[in-house]
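Participant: Okay, so here is coords12.txt, and as you'll see once you scroll down, it has compact mmCIF, C-alpha atoms.
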```txt
# COMPACT_ATOMS: atom_id res chain seq x y z
CA MET Q 66 -52.25 33.75 -44.68
CA SER Q 67 -53.05 36.56 -42.25
CA PHE Q 68 -51.48 37.62 -38.95
CA THR Q 69 -54.40 35.97 -37.14
CA ASN Q 70 -52.96 32.57 -38.13
CA LEU Q 71 -49.59 33.16 -36.50
CA GLY Q 72 -50.50 32.84 -32.82
CA LEU Q 73 -50.49 36.54 -31.97
CA SER Q 74 -52.80 37.89 -29.28
CA GLU Q 75 -55.44 40.58 -29.73
CA PRO Q 76 -53.36 43.56 -28.50
CA LEU Q 77 -50.70 42.83 -31.14
CA LEU Q 78 -53.25 42.16 -33.89
CA LYS Q 79 -54.87 45.48 -33.07
CA ALA Q 80 -51.54 47.32 -33.36
CA ILE Q 81 -50.77 45.56 -36.66
CA LYS Q 82 -54.18 46.54 -38.05
CA GLU Q 83 -53.66 50.15 -36.99
CA GLN Q 84 -50.49 50.16 -39.10
CA GLY Q 85 -52.49 49.03 -42.13
CA TYR Q 86 -50.97 45.56 -42.45
CA ASP Q 87 -53.00 42.39 -42.93
CA THR Q 88 -50.67 39.91 -44.66
CA PRO Q 89 -47.35 38.84 -43.12
CA THR Q 90 -44.21 38.73 -45.26
CA PRO Q 91 -42.47 35.36 -45.84
CA ILE Q 92 -39.90 35.98 -43.08
CA GLN Q 93 -42.72 36.87 -40.67
CA GLN Q 94 -44.71 33.76 -41.62
CA GLN Q 95 -41.73 31.52 -40.93
CA ALA Q 96 -40.15 33.24 -37.92
CA ILE Q 97 -43.09 34.35 -35.77
CA PRO Q 98 -44.48 30.89 -34.86
CA VAL Q 99 -41.10 29.34 -34.01
CA VAL Q 100 -40.03 32.33 -31.91
CA ILE Q 101 -43.29 32.12 -29.95
CA GLU Q 102 -42.56 28.41 -29.36
CA GLY Q 103 -39.32 29.43 -27.70
CA LYS Q 104 -36.95 27.97 -30.30
CA ASP Q 105 -33.58 29.48 -31.16
CA VAL Q 106 -33.62 30.87 -34.69
CA LEU Q 107 -30.97 31.47 -37.36
CA ALA Q 108 -32.58 33.64 -40.01
CA ALA Q 109 -31.32 35.07 -43.29
CA ALA Q 110 -33.34 37.98 -44.63
CA GLN Q 111 -32.41 40.97 -46.74
CA THR Q 112 -33.33 44.53 -45.82
CA GLY Q 113 -36.95 45.32 -46.66
CA THR Q 114 -38.35 41.84 -46.01
CA GLY Q 115 -40.12 42.79 -42.78
CA LYS Q 116 -37.57 41.07 -40.55
CA THR Q 117 -37.79 43.65 -37.75
CA ALA Q 118 -41.47 42.89 -37.15
CA GLY Q 119 -40.50 39.24 -37.67
CA PHE Q 120 -38.80 39.27 -34.28
CA THR Q 121 -40.42 42.18 -32.40
CA LEU Q 122 -43.95 40.78 -32.76
CA PRO Q 123 -43.21 37.27 -31.41
CA LEU Q 124 -40.91 38.72 -28.75
CA LEU Q 125 -43.75 40.84 -27.40
CA GLU Q 126 -46.16 37.89 -27.65
CA LYS Q 127 -43.80 35.56 -25.83
CA LEU Q 128 -43.13 38.05 -23.03
CA SER Q 129 -46.86 38.54 -22.56
CA LYS Q 130 -47.37 34.80 -22.09
CA THR Q 131 -44.63 34.20 -19.53
CA GLN Q 132 -44.05 35.52 -16.05
CA PRO Q 133 -40.80 37.38 -15.31
CA LYS Q 134 -38.21 35.27 -13.51
CA MET Q 135 -37.68 37.92 -10.87
CA HIS Q 136 -39.31 41.29 -10.26
CA LYS Q 137 -41.19 42.85 -13.17
CA LYS Q 138 -38.75 45.63 -14.07
CA GLN Q 139 -35.67 43.52 -14.69
CA ILE Q 140 -34.40 43.20 -18.24
CA ARG Q 141 -36.11 40.28 -19.96
CA ALA Q 142 -35.09 40.87 -23.58
CA LEU Q 143 -32.08 42.41 -25.33
CA VAL Q 144 -31.76 43.36 -29.00
CA LEU Q 145 -28.24 44.11 -30.25
CA THR Q 146 -27.84 46.12 -33.47
CA PRO Q 147 -24.75 47.42 -35.30
CA THR Q 148 -25.75 51.10 -35.62
CA ARG Q 149 -27.64 53.85 -33.87
CA GLU Q 150 -30.12 54.23 -36.69
CA LEU Q 151 -31.02 50.55 -36.65
CA ALA Q 152 -31.33 50.58 -32.86
CA ALA Q 153 -33.74 53.50 -33.12
CA GLN Q 154 -35.71 51.69 -35.84
CA VAL Q 155 -36.08 48.54 -33.73
CA ALA Q 156 -37.07 50.61 -30.70
CA GLU Q 157 -39.76 52.31 -32.77
CA SER Q 158 -41.05 48.94 -33.95
CA ILE Q 159 -41.33 47.70 -30.36
CA LYS Q 160 -43.09 50.91 -29.36
CA THR Q 161 -45.49 50.70 -32.33
CA TYR Q 162 -46.49 47.05 -31.95
CA GLY Q 163 -46.39 47.03 -28.15
CA LYS Q 164 -48.57 50.12 -27.72
CA HIS Q 165 -51.43 48.07 -26.26
CA LEU Q 166 -49.17 46.05 -23.97
CA PRO Q 167 -47.69 47.18 -20.64
CA TYR Q 168 -44.01 46.84 -21.54
CA THR Q 169 -41.25 49.33 -20.91
CA SER Q 170 -38.27 49.60 -23.26
CA THR Q 171 -35.27 51.83 -23.82
CA VAL Q 172 -32.70 52.32 -26.58
CA ILE Q 173 -28.97 52.64 -25.89
CA PHE Q 174 -26.24 53.79 -28.28
CA GLY Q 175 -23.12 55.95 -28.40
CA GLY Q 176 -22.84 59.54 -29.57
CA VAL Q 177 -25.16 60.83 -26.84
CA GLY Q 178 -24.83 61.19 -23.07
CA ILE Q 179 -24.54 57.97 -21.11
CA ASN Q 180 -26.08 59.21 -17.83
CA PRO Q 181 -29.71 59.37 -19.05
CA GLN Q 182 -29.31 55.82 -20.38
CA LEU Q 183 -28.00 54.61 -17.03
CA ALA Q 184 -30.91 56.35 -15.31
CA ALA Q 185 -33.46 54.68 -17.61
CA ILE Q 186 -32.07 51.23 -16.79
CA ARG Q 187 -31.94 51.90 -13.06
CA LYS Q 188 -35.57 53.05 -13.16
CA GLY Q 189 -36.53 49.66 -14.53
CA VAL Q 190 -37.03 48.43 -18.07
CA GLU Q 191 -37.94 45.06 -19.58
CA ILE Q 192 -36.67 45.41 -23.15
CA VAL Q 193 -33.32 46.99 -24.13
CA ILE Q 194 -32.25 47.78 -27.69
CA ALA Q 195 -28.55 48.63 -27.90
CA THR Q 196 -25.37 48.87 -29.90
CA PRO Q 197 -22.64 46.63 -28.47
CA GLY Q 198 -20.02 49.28 -27.68
CA ARG Q 199 -22.22 51.53 -25.54
CA LEU Q 200 -23.87 48.55 -23.83
CA LEU Q 201 -20.45 47.24 -22.86
CA ASP Q 202 -19.60 50.68 -21.45
CA ILE Q 203 -22.71 50.53 -19.26
CA ALA Q 204 -21.97 46.94 -18.23
CA GLY Q 205 -18.45 48.05 -17.30
CA GLN Q 206 -19.98 50.53 -14.87
CA LYS Q 207 -22.17 47.74 -13.48
CA GLY Q 208 -25.13 49.70 -14.75
CA ILE Q 209 -27.05 46.72 -16.15
CA ASP Q 210 -28.10 43.31 -14.83
CA PHE Q 211 -28.76 40.47 -17.27
CA SER Q 212 -29.58 37.78 -14.70
CA ALA Q 213 -33.28 37.72 -15.65
CA LEU Q 214 -32.67 37.81 -19.43
CA GLU Q 215 -34.97 35.47 -21.35
CA CYS Q 216 -34.30 36.40 -24.97
CA LEU Q 217 -31.29 37.75 -26.89
CA ILE Q 218 -31.66 38.98 -30.48
CA LEU Q 219 -28.74 39.86 -32.74
CA ASP Q 220 -30.01 41.94 -35.66
CA GLU Q 221 -27.88 42.33 -38.81
CA ALA Q 222 -25.27 40.09 -37.27
CA ASP Q 223 -23.24 40.08 -40.49
CA ARG Q 224 -22.74 43.82 -40.22
CA MET Q 225 -21.78 43.55 -36.57
CA LEU Q 226 -19.03 41.13 -37.56
CA ASP Q 227 -17.92 43.46 -40.36
CA MET Q 228 -17.69 46.33 -37.90
CA GLY Q 229 -15.54 44.37 -35.48
CA PHE Q 230 -18.10 43.91 -32.71
CA ILE Q 231 -17.46 40.20 -32.24
CA HIS Q 232 -15.23 40.75 -29.18
CA ASP Q 233 -17.77 43.08 -27.58
CA ILE Q 234 -20.52 40.54 -28.21
CA LYS Q 235 -18.50 37.73 -26.64
CA LYS Q 236 -17.81 39.86 -23.56
CA LEU Q 237 -21.50 40.62 -23.21
CA MET Q 238 -22.40 36.93 -23.58
CA LYS Q 239 -20.38 36.11 -20.47
CA LEU Q 240 -22.69 38.39 -18.48
CA MET Q 241 -25.86 36.61 -19.63
CA PRO Q 242 -27.52 33.42 -18.40
CA GLN Q 243 -26.75 30.30 -20.42
CA LYS Q 244 -30.39 29.32 -20.45
CA ARG Q 245 -32.06 31.79 -22.80
CA GLN Q 246 -33.65 32.00 -26.23
CA THR Q 247 -31.34 33.44 -28.89
CA LEU Q 248 -32.32 34.76 -32.33
CA LEU Q 249 -29.72 35.66 -34.93
CA PHE Q 250 -30.78 37.63 -38.00
CA SER Q 251 -28.38 38.22 -40.88
CA ALA Q 252 -28.55 39.25 -44.51
CA THR Q 253 -26.23 36.34 -45.36
CA PHE Q 254 -25.31 32.87 -44.17
CA SER Q 255 -21.58 33.40 -44.54
CA ALA Q 256 -19.01 31.07 -42.98
CA ASP Q 257 -18.39 33.66 -40.24
CA ILE Q 258 -22.10 33.88 -39.42
CA LYS Q 259 -22.39 30.09 -39.24
CA ALA Q 260 -19.40 29.96 -36.90
CA LEU Q 261 -20.95 32.64 -34.68
CA ALA Q 262 -24.27 30.80 -34.66
CA GLU Q 263 -22.62 27.56 -33.56
CA GLY Q 264 -21.32 29.26 -30.44
CA LEU Q 265 -24.53 31.10 -29.56
CA LEU Q 266 -27.53 29.06 -30.69
CA ASN Q 267 -28.95 25.82 -29.34
CA ASP Q 268 -30.37 23.53 -32.04
CA PRO Q 269 -31.69 26.51 -34.04
CA ILE Q 270 -34.51 26.55 -36.55
CA LEU Q 271 -33.18 27.73 -39.92
CA VAL Q 272 -35.25 30.43 -41.64
CA GLU Q 273 -34.17 31.71 -45.04
CA VAL Q 274 -36.15 33.85 -47.46
CA ALA Q 275 -33.41 34.96 -49.85
CA ARG Q 276 -29.97 33.77 -50.91
CA GLN Q 277 -27.10 35.96 -49.77
CA ASN Q 278 -26.41 37.18 -53.31
CA GLU Q 279 -30.01 37.64 -54.37
CA THR Q 280 -31.32 41.05 -55.43
CA ALA Q 281 -35.02 41.78 -55.52
CA ASP Q 282 -36.80 41.18 -58.82
CA GLN Q 283 -38.78 44.39 -58.44
CA ILE Q 284 -35.61 46.54 -58.48
CA ASN Q 285 -34.71 47.91 -61.90
CA GLN Q 286 -30.90 48.02 -61.92
CA VAL Q 287 -28.95 50.08 -64.42
CA ILE Q 288 -25.34 51.15 -65.02
CA HIS Q 289 -24.27 54.48 -66.56
CA PHE Q 290 -20.59 54.69 -67.51
CA VAL Q 291 -19.24 58.19 -66.88
CA ASP Q 292 -15.95 59.91 -66.10
CA LYS Q 293 -15.35 60.42 -62.39
CA ARG Q 294 -15.15 64.21 -62.73
CA ARG Q 295 -18.59 64.32 -64.42
CA LYS Q 296 -20.51 62.11 -61.98
CA ARG Q 297 -22.01 65.00 -60.04
CA GLU Q 298 -23.14 66.67 -63.26
CA LEU Q 299 -24.82 63.47 -64.47
CA LEU Q 300 -26.47 62.87 -61.10
CA SER Q 301 -27.89 66.39 -61.07
CA GLN Q 302 -29.23 65.95 -64.59
CA LEU Q 303 -30.89 62.63 -63.77
CA ILE Q 304 -32.57 64.13 -60.72
CA LYS Q 305 -33.81 67.21 -62.56
CA VAL Q 306 -34.76 65.71 -65.94
CA LYS Q 307 -36.44 62.64 -64.48
CA LYS Q 308 -38.00 64.73 -61.68
CA TRP Q 309 -36.82 62.43 -58.92
CA LYS Q 310 -38.27 63.63 -55.61
CA GLN Q 311 -36.61 61.23 -53.16
CA VAL Q 312 -33.15 59.79 -53.85
CA LEU Q 313 -30.78 57.94 -51.52
CA VAL Q 314 -27.20 58.34 -52.79
CA PHE Q 315 -24.24 56.28 -51.57
CA THR Q 316 -20.62 57.41 -51.38
CA ARG Q 317 -17.63 55.49 -50.06
CA THR Q 318 -16.38 58.12 -47.64
CA LYS Q 319 -17.61 60.76 -45.22
CA HIS Q 320 -15.60 63.45 -47.03
CA GLY Q 321 -17.16 62.37 -50.32
CA ALA Q 322 -20.64 62.58 -48.82
CA ASN Q 323 -20.02 66.12 -47.57
CA LYS Q 324 -18.51 67.25 -50.87
CA LEU Q 325 -21.34 65.83 -52.97
CA THR Q 326 -24.00 67.30 -50.68
CA LYS Q 327 -22.46 70.77 -51.01
CA GLU Q 328 -22.25 70.45 -54.82
CA LEU Q 329 -25.85 69.32 -55.11
CA GLU Q 330 -27.01 72.24 -52.96
CA GLU Q 331 -25.02 74.61 -55.17
CA SER Q 332 -26.77 73.19 -58.24
CA GLY Q 333 -30.18 73.90 -56.72
CA ILE Q 334 -30.99 70.41 -55.39
CA SER Q 335 -31.82 70.16 -51.69
CA ALA Q 336 -29.59 67.57 -50.01
CA ALA Q 337 -28.22 66.42 -46.65
CA ALA Q 338 -25.50 63.99 -45.61
CA ILE Q 339 -25.43 61.35 -42.88
CA HIS Q 340 -22.24 59.67 -41.70
CA GLY Q 341 -20.25 58.94 -38.59
CA ASN Q 342 -18.86 62.44 -38.15
CA LYS Q 343 -22.37 63.88 -37.93
CA SER Q 344 -23.92 64.17 -34.49
CA GLN Q 345 -26.82 61.88 -33.69
CA GLY Q 346 -29.13 64.90 -33.67
CA ALA Q 347 -27.98 65.99 -37.14
CA ARG Q 348 -28.42 62.47 -38.50
CA THR Q 349 -31.90 62.14 -37.03
CA LYS Q 350 -32.90 65.57 -38.37
CA ALA Q 351 -31.60 64.81 -41.88
CA LEU Q 352 -33.36 61.45 -42.03
CA ALA Q 353 -36.64 62.95 -40.79
CA ALA Q 354 -36.46 65.70 -43.43
CA PHE Q 355 -35.77 63.13 -46.14
CA LYS Q 356 -38.67 60.92 -45.09
CA ALA Q 357 -40.98 63.95 -45.05
CA ASN Q 358 -39.79 65.02 -48.53
CA GLY Q 359 -38.26 68.14 -47.04
CA ILE Q 360 -35.08 67.37 -48.98
CA ARG Q 361 -34.73 65.53 -52.29
CA VAL Q 362 -31.39 63.79 -51.76
CA LEU Q 363 -29.92 61.99 -48.76
CA VAL Q 364 -26.21 61.24 -49.22
CA ALA Q 365 -24.97 58.42 -47.00
CA THR Q 366 -22.03 56.16 -46.29
CA ASP Q 367 -22.70 52.43 -46.02
CA ILE Q 368 -22.54 52.15 -42.25
CA ALA Q 369 -24.64 55.27 -41.61
CA ALA Q 370 -27.34 53.97 -43.93
CA ARG Q 371 -27.85 50.74 -42.01
CA GLY Q 372 -31.25 50.85 -40.40
CA ILE Q 373 -32.70 53.45 -42.77
CA ASP Q 374 -36.25 52.22 -43.27
CA ILE Q 375 -38.23 54.28 -45.78
CA ASP Q 376 -41.45 52.97 -47.24
CA GLN Q 377 -41.65 53.12 -51.02
CA LEU Q 378 -38.23 54.73 -51.53
CA PRO Q 379 -38.19 55.02 -55.34
CA HIS Q 380 -34.52 55.64 -56.18
CA VAL Q 381 -31.10 54.52 -54.93
CA VAL Q 382 -27.93 55.78 -56.60
CA ASN Q 383 -24.47 54.30 -56.23
CA TYR Q 384 -22.47 57.48 -56.80
CA GLU Q 385 -19.45 55.31 -56.10
CA LEU Q 386 -19.54 51.52 -56.20
CA PRO Q 387 -18.78 49.77 -52.89
CA ASN Q 388 -15.52 47.87 -52.54
CA VAL Q 389 -17.37 44.88 -51.08
CA PRO Q 390 -19.98 43.20 -53.33
CA GLU Q 391 -22.30 42.37 -50.43
CA ASP Q 392 -22.68 46.10 -49.78
CA TYR Q 393 -24.15 46.57 -53.26
CA VAL Q 394 -26.97 44.20 -52.32
CA HIS Q 395 -27.51 46.03 -49.01
CA ARG Q 396 -27.54 49.41 -50.74
CA ILE Q 397 -30.04 48.68 -53.48
CA GLY Q 398 -32.21 46.77 -51.02
CA ARG Q 399 -33.31 50.16 -49.69
CA THR Q 400 -35.66 50.39 -52.67
CA GLY Q 401 -38.09 47.87 -54.16
CA ARG Q 402 -39.44 46.97 -50.72
CA ALA Q 403 -42.66 45.28 -49.64
CA GLY Q 404 -43.60 44.41 -53.20
CA LYS Q 405 -43.08 47.94 -54.54
CA SER Q 406 -40.93 48.64 -57.58
CA GLY Q 407 -37.73 50.65 -57.31
CA GLU Q 408 -34.76 51.83 -59.33
CA ALA Q 409 -31.08 51.38 -58.52
CA VAL Q 410 -28.69 53.46 -60.65
CA SER Q 411 -24.92 53.11 -60.51
CA LEU Q 412 -22.53 55.72 -61.92
CA VAL Q 413 -19.39 53.82 -62.87
CA CYS Q 414 -16.05 55.35 -63.87
CA ILE Q 415 -13.01 53.59 -65.32
CA ASP Q 416 -11.54 53.09 -61.83
CA GLU Q 417 -14.54 50.96 -60.83
CA HIS Q 418 -14.76 48.47 -63.70
CA GLU Q 419 -13.17 45.70 -61.63
CA LEU Q 420 -15.56 46.42 -58.75
CA LEU Q 421 -18.48 46.14 -61.17
CA LYS Q 422 -17.25 42.75 -62.42
CA ASN Q 423 -17.04 41.48 -58.86
CA ILE Q 424 -20.57 42.71 -58.07
CA GLU Q 425 -22.06 41.09 -61.18
CA LYS Q 426 -20.29 37.83 -60.37
CA PHE Q 427 -21.59 37.97 -56.81
CA ILE Q 428 -25.24 38.61 -57.73
CA LYS Q 429 -25.00 36.28 -60.76
CA LEU Q 430 -26.48 38.93 -63.00
CA GLU Q 431 -25.18 41.20 -65.74
CA ILE Q 432 -26.58 44.61 -64.89
CA PRO Q 433 -27.96 46.47 -67.93
CA LYS Q 434 -25.75 49.28 -69.22
CA VAL Q 435 -27.49 52.37 -70.56
CA ASP Q 436 -25.46 54.74 -72.69
CA ILE Q 437 -25.99 58.47 -72.24
CA PRO Q 438 -24.24 60.05 -75.27
CA ALA Q 439 -23.60 63.41 -73.62
CA PHE Q 440 -21.73 61.68 -70.77
CA ARG Q 441 -19.76 59.01 -72.61
CA PRO Q 442 -16.41 58.45 -70.88
CA ASP Q 443 -13.18 59.76 -72.38
CA PRO Q 444 -11.40 56.62 -73.72
CA ASN Q 445 -8.01 58.21 -73.03
CA ILE Q 446 -8.49 58.32 -69.26
CA LYS Q 447 -6.65 55.55 -67.42
CA ALA Q 448 -7.82 53.79 -64.28
CA GLU Q 449 -6.44 55.00 -60.96
CA PRO Q 450 -6.30 53.16 -57.61
CA ILE Q 451 -9.30 53.52 -55.32
CA GLN Q 452 -7.85 54.77 -52.06
CA ASN Q 453 -10.68 54.98 -49.56
CA GLY Q 454 -13.94 53.45 -48.48
CA ARG Q 455 -14.98 50.25 -46.78
CA GLY Q 456 -12.49 47.50 -47.58
CA GLY Q 457 -9.62 49.93 -48.12
CA GLY Q 458 -8.87 48.38 -51.50
CA LYS Q 459 -6.70 49.97 -54.16
CA GLY Q 460 -8.36 49.52 -57.50
CA ARG Q 461 -9.85 46.07 -57.04
CA GLY Q 462 -12.92 45.20 -55.02
CA THR Q 463 -12.18 42.75 -52.28
CA SER Q 464 -14.28 40.70 -49.95
CA GLY Q 465 -13.73 38.29 -47.08
CA LYS Q 466 -11.60 38.62 -44.00
CA THR Q 467 -9.04 41.04 -45.43
CA SER Q 468 -11.61 43.69 -46.32
CA ARG Q 469 -13.47 43.28 -43.06
CA ASN Q 470 -10.32 43.68 -41.00
CA LYS Q 471 -9.33 46.79 -42.91
CA SER Q 472 -12.79 48.24 -42.49
CA ARG Q 473 -12.34 48.14 -38.74
CA SER Q 474 -9.57 50.71 -38.91
CA SER Q 475 -10.90 52.77 -41.83
CA GLY Q 476 -12.85 55.24 -39.72
CA SER Q 477 -16.22 54.05 -41.01
CA ARG Q 478 -17.24 52.28 -37.79
CA GLU Q 479 -19.57 54.79 -36.19
CA ASP Q 480 -20.38 52.69 -33.12
CA ALA Q 481 -16.82 51.49 -32.90
CA LYS Q 482 -15.34 48.68 -30.91
CA SER Q 483 -15.36 49.29 -27.19
CA SER Q 484 -11.72 49.86 -26.45
CA LYS Q 485 -10.76 51.62 -23.25
CA SER Q 486 -10.27 54.93 -25.04
CA ASN Q 487 -13.65 54.66 -26.75
CA ARG Q 488 -15.37 53.93 -23.44
CA ASN Q 489 -13.74 56.92 -21.81
CA ARG Q 490 -14.65 59.16 -24.71
CA ASN Q 491 -18.27 58.03 -24.67
CA ARG Q 492 -18.59 58.68 -20.96
CA ASN Q 493 -17.49 62.26 -21.47
CA LYS Q 494 -20.04 62.98 -24.18
```
Would you kindly transcribe this structure into structure tokens?

Facilitator:
Amino acid sequence: MSFTNLGLSEPLLKAIKEQGYDTPTPIQQQAIPVVIEGKDVLAAAQTGTGKTAGFTLPLLEKLSKTQPKMHKKQIRALVLTPTRELAAQVAESIKTYGKHLPYTSTVIFGGVGINPQLAAIRKGVEIVIATPGRLLDIAGQKGIDFSALECLILDEADRMLDMGFIHDIKKLMKLMPQKRQTLLFSATFSADIKALAEGLLNDPILVEVARQNETADQINQVIHFVDKRRKRELLSQLIKVKKWKQVLVFTRTKHGANKLTKELEESGISAAAIHGNKSQGARTKALAAFKANGIRVLVATDIAARGIDIDQLPHVVNYELPNVPEDYVHRIGRTGRAGKSGEAVSLVCIDEHELLKNIEKFIKLEIPKVDIPAFRPDPNIKAEPIQNGRGGGKGRGTSGKTSRNKSRSSGSREDAKSSKSNRNRNRNK
């Protein structure tokens, strides 16, 4: 099947061709036609499946085929995302595929000044891509009008729930017309996602291209057991000996990301960190340098890494295992994309053995263990509680409501819930 079979018009097909694509991914094949028809959609798709184009392409097509309800420059479509990086990625997708269409769009998120965003909306824009907290700030200032909204898209809805955005989303819903098309994209069909969908979607079409615990076949997963104090040494050796040129490394905490980045730099390996304490400019600069191979290693926390979209990323390293098994799937899904092979390496110390068991149970796969004699763990070292990171667990990986609730107060929510203090702080930035 080609994109020409999906009901897309010539301006979109031209933009797709200019990007070098000719065959749609499974999520695009299933989602594009039903979105164009105007149906509500509940879609499950892992990172790297082409889901962003799966909703931006039919959104642009549908807008081009219908007349605005009111005057042309009112907001007709809204895309909500959990993080700044993902918002920027979606905005870039709309810009790329809509280059031959006369649509105006803007992206809205926290961490930058609110006044230019208010000015862009007042000037007139048809498509808005936003994080919930900042959008609610703008709505609170009566800076946005949703009365002409035709389509609402929630991207990575599972992560928005994890980050505590459900209350912000519900507040925003009250400002929108009941009669609209709604698309909900999630990496999983968890009970929470199904409950959210029931309240938002009208007789939705179900689109699913991967089970929630499925990891891509083209990703070579491997475990190296190593003492915690020797992880950095082993990581440096793997990078140098195997001549890795582009490596995305995950840590649990912002402090851990900073510490590891400094140690890698000291060992002669170029590295940069992205997390919630970094300014948006610093995060954008680090990601751009990584994509351009200006640095070899990008060290990231889970939330900061959402929305990172790098073609043919060869290596992902779990420097520390995540407390929540679903996050393992999200992490390694950064490699092995679009049919390309990738490698996911996890450095596991004695403290993390229980987390590893939970991950393997979740993905229904025993991950191969590769012994490196020079880094064999000291059998006399005892496990210690894991204090920090998403989930806030102490020694055992947890999942479900408890871990999600703890994550909301752990400091990892970069585009945090829109409390009064957060709104005031954002306005002063």

Participant: Pick from Q:Met66, Q:Leu412, Q:Leu122, Q:Ile101: nearest to Asp87 (chain Q), with all atoms listed in the file counted?

Facilitator: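 Of Q:Met66, Q:Leu412, Q:Leu122, Q:Ile101, the one nearest Asp87 (chain Q), counting all atoms listed in the file, is Q:Met66.
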
Participant: Tell me, as a PyMOL selection string, which residues lie within 8 Å of Pro89 (chain Q), counting all atoms listed in the file; anything in the same chain fewer than 5 positions away does not count.

Facilitator: chain Q and resi 66-68+94

Participant: Could you jot down the CA of Gln286 (chain Q) to CA of Val410 (chain Q) separation for me, Å, one decimal place?

Facilitator: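 Between CA of Gln286 (chain Q) and CA of Val410 (chain Q) the gap is 6.0 Å.
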
Participant: Measuring between all atoms listed in the file, which one of Q:Arg317, Q:Gln283, Q:Asn323, Q:Ala351 shows the shortest distance to Ser406 (chain Q)?

Facilitator: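 Closest candidate: Q:Gln283.
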
Participant: Rounded to one decimal place, report the CA of Glu83 (chain Q)-CA of Gly163 (chain Q) distance in Å.

Facilitator: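 Taking CA of Glu83 (chain Q) as the start and CA of Gly163 (chain Q) as the end point, the length is 11.9 Å.
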
Participant: Which is closest to Gly346 (chain Q) among Q:Glu75, Q:Glu150, Q:Asp268, Q:Glu408, if we use all atoms listed in the file?

Facilitator: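 Among the listed residues, Q:Glu150 lies closest to Gly346 (chain Q).
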
Participant: CA of Tyr162 (chain Q) and CA of Pro98 (chain Q), how far apart in Å?

Facilitator: 16.5 Å

Participant: Using all atoms listed in the file, which protein or nucleic acid residues come within 12 Å of Leu125 (chain Q)? Drop anything in the same chain fewer than 5 positions from it, and give the result as number ranges by chain.

Facilitator: Q: 72-78, 80, 97, 100-101, 118-120, 130-131, 141-143, 158-170, 191-192, 215-216

Participant: Taking 5 positions as the minimum chain separation for residues in the same chain, which residues sit within 12 Å of Lys138 (chain Q) when counting only C-alpha atoms? Answer as an MDAnalysis selection string.

Facilitator: chainID Q and resid 132:133 167:170 185:193 209:211 213:214

Participant: Just C-alpha atoms for this one: save the residues we selected as a PDB file, keeping the file's coordinate frame.

Facilitator:
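Saved result, selection-v3.pdb, follows:
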```
ATOM      1  CA  GLN Q 132     -44.050  35.520 -16.050  1.00  0.00           C
ATOM      2  CA  PRO Q 133     -40.800  37.380 -15.310  1.00  0.00           C
ATOM      3  CA  PRO Q 167     -47.690  47.180 -20.640  1.00  0.00           C
ATOM      4  CA  TYR Q 168     -44.010  46.840 -21.540  1.00  0.00           C
ATOM      5  CA  THR Q 169     -41.250  49.330 -20.910  1.00  0.00           C
ATOM      6  CA  SER Q 170     -38.270  49.600 -23.260  1.00  0.00           C
ATOM      7  CA  ALA Q 185     -33.460  54.680 -17.610  1.00  0.00           C
ATOM      8  CA  ILE Q 186     -32.070  51.230 -16.790  1.00  0.00           C
ATOM      9  CA  ARG Q 187     -31.940  51.900 -13.060  1.00  0.00           C
ATOM     10  CA  LYS Q 188     -35.570  53.050 -13.160  1.00  0.00           C
ATOM     11  CA  GLY Q 189     -36.530  49.660 -14.530  1.00  0.00           C
ATOM     12  CA  VAL Q 190     -37.030  48.430 -18.070  1.00  0.00           C
ATOM     13  CA  GLU Q 191     -37.940  45.060 -19.580  1.00  0.00           C
ATOM     14  CA  ILE Q 192     -36.670  45.410 -23.150  1.00  0.00           C
ATOM     15  CA  VAL Q 193     -33.320  46.990 -24.130  1.00  0.00           C
ATOM     16  CA  ILE Q 209     -27.050  46.720 -16.150  1.00  0.00           C
ATOM     17  CA  ASP Q 210     -28.100  43.310 -14.830  1.00  0.00           C
ATOM     18  CA  PHE Q 211     -28.760  40.470 -17.270  1.00  0.00           C
ATOM     19  CA  ALA Q 213     -33.280  37.720 -15.650  1.00  0.00           C
ATOM     20  CA  LEU Q 214     -32.670  37.810 -19.430  1.00  0.00           C
TER      21      LEU Q 214
END
```
